[in-house]
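See structure below.
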Amino acid sequence: MDTIASLFSFITTPVSWIIVQFHTMYGAVFGPDTGWAWGLSIVSLVVLIRICLIPLFVKQIKSTRGMQALQPEMKKIQERYKNDKQRQSEEMMKLYKETGTNPLSSCLPILAQSPFFFALYHVLSKISSGDEIGVLNQNLVDSAREAHIFGAPIAAKFMDSTEKVAALNASLVDVRIVTAVMIVLMSASQFYTQRQLMTKNVDLSVKTPFMQQQKMLMYIFPVMFAVMGINFPVGVLVYWLTTNVWTMGQQMYVIHGNPTPGSKAQAQLLERMQKSIVKHGKVRSRRERNVIKQIAAKGRERNEAERRFVKGLGMARLTVQADGTVAKGEPEVESESGTTSDSGPKRQQPKRLTKAQRQAAAAESAAKTSLQKEEPEDKPKTAGKPSSGSARQAKSGQRKGQQRPKHPSKK
């Protein structure tokens with residue numbers, strides 16, 4: 001680690017200068033030799049670096065989504081040229097060039113902040129040995145050696161010996177407890193960040209090897225941090241824990257406001273938007289307008305969440321427009337007769353009868369049937385004789401009314 005850190009010694013002077021400037025500001029509040037002054041200086045260094053890396057983070061998001069969208073095409077190329085690795089690589093590069101996707105873009109934020117990380121490690125190693133480095137003179141180095149964070153010097157490590165920790169005026173137990181807690185928090189934050197990405201911000205409609213790789217990284221990265229963390233000084237653990245928390249919060253913001261199409265987070269976003277638009281009857285923000293514009297442009301290529309969103313607005317008589325707005329229609333008003341302004345009478349579902357009601361209805365029906373059978377016998381005889389035609393019809397069982405003439409051969 002010391003050899004790698006020495007490779008980035010060219011940037012130790014800028015890093016040490018930034019730390020000294022923040023230390024001067026925080027030292028005026030908490031005291032120049034306190035752990036708060038030096039610890040907050042390292043935290044401020046992380047925040048400054050991550051703010052400068054926001055454009056790279058945006059590029060990383062776009063590249064990651066582009067790689068997810070290309071996975072089906074990449075899988076086809078791998079199956080088509082599985083026996084020709086050179087042709088497979090050529091087709092892959094051609095696909096990247098046509099779509100403007102760079103697979104290394106997803107690693108840009110980590111690669112960009114690596115020089116600062118190793119430079120800080122180099123600075124803290126020199127502070128631990130009491131040597132001047134960059135703009136840190138001997139007085140500042142001695143002040144940093146005296147700074148303790150929860151009882152652990154910022155230059156101490158988990159694997160340091162008792163004598164080395166005692167030279168920094170600290171206890172080995174305190175150093176190991178503080179470093180162990182920081183390592184656990186660092187690994188847990190890394191795991192949660194990756195899990196949040198896999199469970200909420202991945203297109204669930206595309207099942208590719210890329211998702212399996214991301215799932216493996218979700219478990220590999222925390223283990224790597226735990227193994228490497230025992231050799232990090234407390235100051236570097238503060239740096240890495242801060243950058244992990246920043247990444248987690250930044251990703252939560254992106255997932256909440258700009259999720260990957262087809263993901264669980266997009267379904268939740270569209271559900272929130274639908275409730276807001278139906279409640280107010282219009283689109284209220286530029287972000288919502290941009291989302292609706294993208295959905296309207298997709299047409300039949302919309303995913304399931306987007307189709308539900310459009311259908312939900314349609315039930316509220318709101319139509320998605322190409323400019324990102326919604327058009328109102330006449331709302332459905334239910335009248336007292338059970339009809340709406342543009343529909344026929346509503347079909348009423350029959351109420352389900354209880355067992356006692358069904359038995360009573362069956363008994364009433366049986367009683368009516370028996371009365372109908374007894375009715376002809378109880379009727380009084382009418383005066384006069386019935387006509388001969390009707391009598392013959394009744395006797396012969398023929399139907400009443402005009403009869404067809406018989407065929408001459410049958411007379």
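Chain labels A, B, ... are given in the sequence in which chains occur in the structure tokens; within each chain residues are numbered consecutively from 1, and ligands are likewise numbered from 1 in the order shown.
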Using only C-alpha atoms, what table do you get, as a Markdown table, when you list each residue of segment 202-280 of chain A with an atom no more than 10 Å from segment 36-45 of chain A, its nearest pair of atoms, and their distance in Å rounded to one decimal, rows by chain then rising number?
```
| residue | atom | partner | partner_atom | distance |
| --- | --- | --- | --- | --- |
| A:Val234 | CA | A:Gly39 | CA | 9.4 |
| A:Gly235 | CA | A:Gly39 | CA | 7.0 |
| A:Val236 | CA | A:Ile42 | CA | 8.4 |
| A:Val238 | CA | A:Val43 | CA | 7.1 |
| A:Tyr239 | CA | A:Ile42 | CA | 6.2 |
| A:Trp240 | CA | A:Val43 | CA | 9.3 |
| A:Leu241 | CA | A:Val43 | CA | 9.2 |
| A:Thr242 | CA | A:Val43 | CA | 6.3 |
| A:Thr243 | CA | A:Val43 | CA | 8.5 |
```
Produce a file of the selected residues containing N, CA and C atoms, as a PDB file, in the first residue's frame.
```
ATOM      1  N   VAL A 234      -6.977   5.563  10.717  1.00  0.00           N
ATOM      2  CA  VAL A 234      -8.299   6.050  11.109  1.00  0.00           C
ATOM      3  C   VAL A 234      -8.746   7.184  10.190  1.00  0.00           C
ATOM      4  N   GLY A 235      -7.833   8.064   9.802  1.00  0.00           N
ATOM      5  CA  GLY A 235      -8.173   9.171   8.914  1.00  0.00           C
ATOM      6  C   GLY A 235      -8.666   8.684   7.559  1.00  0.00           C
ATOM      7  N   VAL A 236      -8.060   7.622   7.031  1.00  0.00           N
ATOM      8  CA  VAL A 236      -8.493   7.057   5.742  1.00  0.00           C
ATOM      9  C   VAL A 236      -9.843   6.381   5.895  1.00  0.00           C
ATOM     10  N   VAL A 238     -12.136   7.364   7.936  1.00  0.00           N
ATOM     11  CA  VAL A 238     -13.080   8.488   7.942  1.00  0.00           C
ATOM     12  C   VAL A 238     -13.355   8.933   6.508  1.00  0.00           C
ATOM     13  N   TYR A 239     -12.296   9.016   5.705  1.00  0.00           N
ATOM     14  CA  TYR A 239     -12.450   9.417   4.303  1.00  0.00           C
ATOM     15  C   TYR A 239     -13.368   8.444   3.567  1.00  0.00           C
ATOM     16  N   TRP A 240     -13.101   7.137   3.683  1.00  0.00           N
ATOM     17  CA  TRP A 240     -13.837   6.159   2.894  1.00  0.00           C
ATOM     18  C   TRP A 240     -15.272   5.995   3.393  1.00  0.00           C
ATOM     19  N   LEU A 241     -15.481   6.085   4.720  1.00  0.00           N
ATOM     20  CA  LEU A 241     -16.839   6.024   5.259  1.00  0.00           C
ATOM     21  C   LEU A 241     -17.651   7.223   4.781  1.00  0.00           C
ATOM     22  N   THR A 242     -17.029   8.393   4.739  1.00  0.00           N
ATOM     23  CA  THR A 242     -17.726   9.595   4.268  1.00  0.00           C
ATOM     24  C   THR A 242     -18.094   9.477   2.797  1.00  0.00           C
ATOM     25  N   THR A 243     -17.179   8.989   1.969  1.00  0.00           N
ATOM     26  CA  THR A 243     -17.480   8.865   0.538  1.00  0.00           C
ATOM     27  C   THR A 243     -18.544   7.802   0.281  1.00  0.00           C
TER      28      THR A 243
END
```
What's around His256 of chain A at 9 Å? Count only C-alpha atoms, leave out sequence neighbours fewer than 2 positions away in its own chain, and write the answer as a list of chain:residue names. A:Gln251, A:Met252, A:Tyr253, A:Val254, A:Asn258, A:Pro259, A:Ala265, A:Gln266, A:Gln268, A:Leu269
Okay, now the selection with N, CA, C and O atoms, as a PDB file, in the first residue's frame?
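Okay, this is what ended up in result_32.pdb:
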```pdb
ATOM      1  N   GLN A 251     -27.144   8.324  -4.596  1.00  0.00           N
ATOM      2  CA  GLN A 251     -27.873   7.311  -5.349  1.00  0.00           C
ATOM      3  C   GLN A 251     -29.341   7.283  -4.954  1.00  0.00           C
ATOM      4  O   GLN A 251     -30.218   7.093  -5.809  1.00  0.00           O
ATOM      5  N   MET A 252     -29.643   7.483  -3.676  1.00  0.00           N
ATOM      6  CA  MET A 252     -31.035   7.531  -3.231  1.00  0.00           C
ATOM      7  C   MET A 252     -31.764   8.697  -3.912  1.00  0.00           C
ATOM      8  O   MET A 252     -32.928   8.566  -4.310  1.00  0.00           O
ATOM      9  N   TYR A 253     -31.082   9.817  -4.053  1.00  0.00           N
ATOM     10  CA  TYR A 253     -31.686  10.979  -4.714  1.00  0.00           C
ATOM     11  C   TYR A 253     -31.973  10.674  -6.186  1.00  0.00           C
ATOM     12  O   TYR A 253     -33.041  11.001  -6.703  1.00  0.00           O
ATOM     13  N   VAL A 254     -31.030  10.029  -6.861  1.00  0.00           N
ATOM     14  CA  VAL A 254     -31.204   9.705  -8.280  1.00  0.00           C
ATOM     15  C   VAL A 254     -32.314   8.679  -8.457  1.00  0.00           C
ATOM     16  O   VAL A 254     -33.166   8.800  -9.353  1.00  0.00           O
ATOM     17  N   ASN A 258     -35.012  10.076 -10.713  1.00  0.00           N
ATOM     18  CA  ASN A 258     -34.715   9.714 -12.104  1.00  0.00           C
ATOM     19  C   ASN A 258     -34.349   8.232 -12.187  1.00  0.00           C
ATOM     20  O   ASN A 258     -33.197   7.884 -12.488  1.00  0.00           O
ATOM     21  N   PRO A 259     -35.302   7.355 -11.922  1.00  0.00           N
ATOM     22  CA  PRO A 259     -34.981   5.921 -11.882  1.00  0.00           C
ATOM     23  C   PRO A 259     -34.799   5.328 -13.271  1.00  0.00           C
ATOM     24  O   PRO A 259     -35.148   5.930 -14.290  1.00  0.00           O
ATOM     25  N   ALA A 265     -38.311   1.290  -8.879  1.00  0.00           N
ATOM     26  CA  ALA A 265     -38.314   2.699  -8.505  1.00  0.00           C
ATOM     27  C   ALA A 265     -39.112   3.544  -9.492  1.00  0.00           C
ATOM     28  O   ALA A 265     -39.767   4.513  -9.099  1.00  0.00           O
ATOM     29  N   GLN A 266     -39.088   3.187 -10.783  1.00  0.00           N
ATOM     30  CA  GLN A 266     -39.880   3.942 -11.754  1.00  0.00           C
ATOM     31  C   GLN A 266     -41.375   3.748 -11.512  1.00  0.00           C
ATOM     32  O   GLN A 266     -42.159   4.703 -11.622  1.00  0.00           O
ATOM     33  N   GLN A 268     -42.812   3.213  -8.665  1.00  0.00           N
ATOM     34  CA  GLN A 268     -43.164   4.018  -7.494  1.00  0.00           C
ATOM     35  C   GLN A 268     -43.228   5.502  -7.839  1.00  0.00           C
ATOM     36  O   GLN A 268     -44.116   6.222  -7.371  1.00  0.00           O
ATOM     37  N   LEU A 269     -42.292   5.969  -8.675  1.00  0.00           N
ATOM     38  CA  LEU A 269     -42.294   7.373  -9.089  1.00  0.00           C
ATOM     39  C   LEU A 269     -43.558   7.704  -9.883  1.00  0.00           C
ATOM     40  O   LEU A 269     -44.211   8.733  -9.635  1.00  0.00           O
TER      41      LEU A 269
END
```
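Closest to Asp323 of chain A among A:Lys157, A:Arg300, A:Arg308, A:Lys293 is A:Lys293, based on only C-alpha atoms.
The spacing separating atom CA of Trp17 of chain A from atom CA of Ile149 of chain A amounts to 21.3 Å.
If you look at atom CA of Gln190 of chain A and atom CA of Val245 of chain A, they are 8.3 Å away from each other.
Reported to one decimal place, the separation of atom CA of Lys94 of chain A from atom CA of Lys82 of chain A is 16.6 Å.
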Please identify which residues in segment 235-298 of chain A DSSP calls helix (DSSP H, G or I) from the backbone, and express them as a PyMOL selection string. chain A and resi 235-257+264-280+286-298
Surrounding residues of Val165 of chain A excluding itself and chain neighbours under 3 positions, 12 Å, only C-alpha atoms, as a ChimeraX atom specification: /A:128-129,145-146,148,151-162,168-176,233
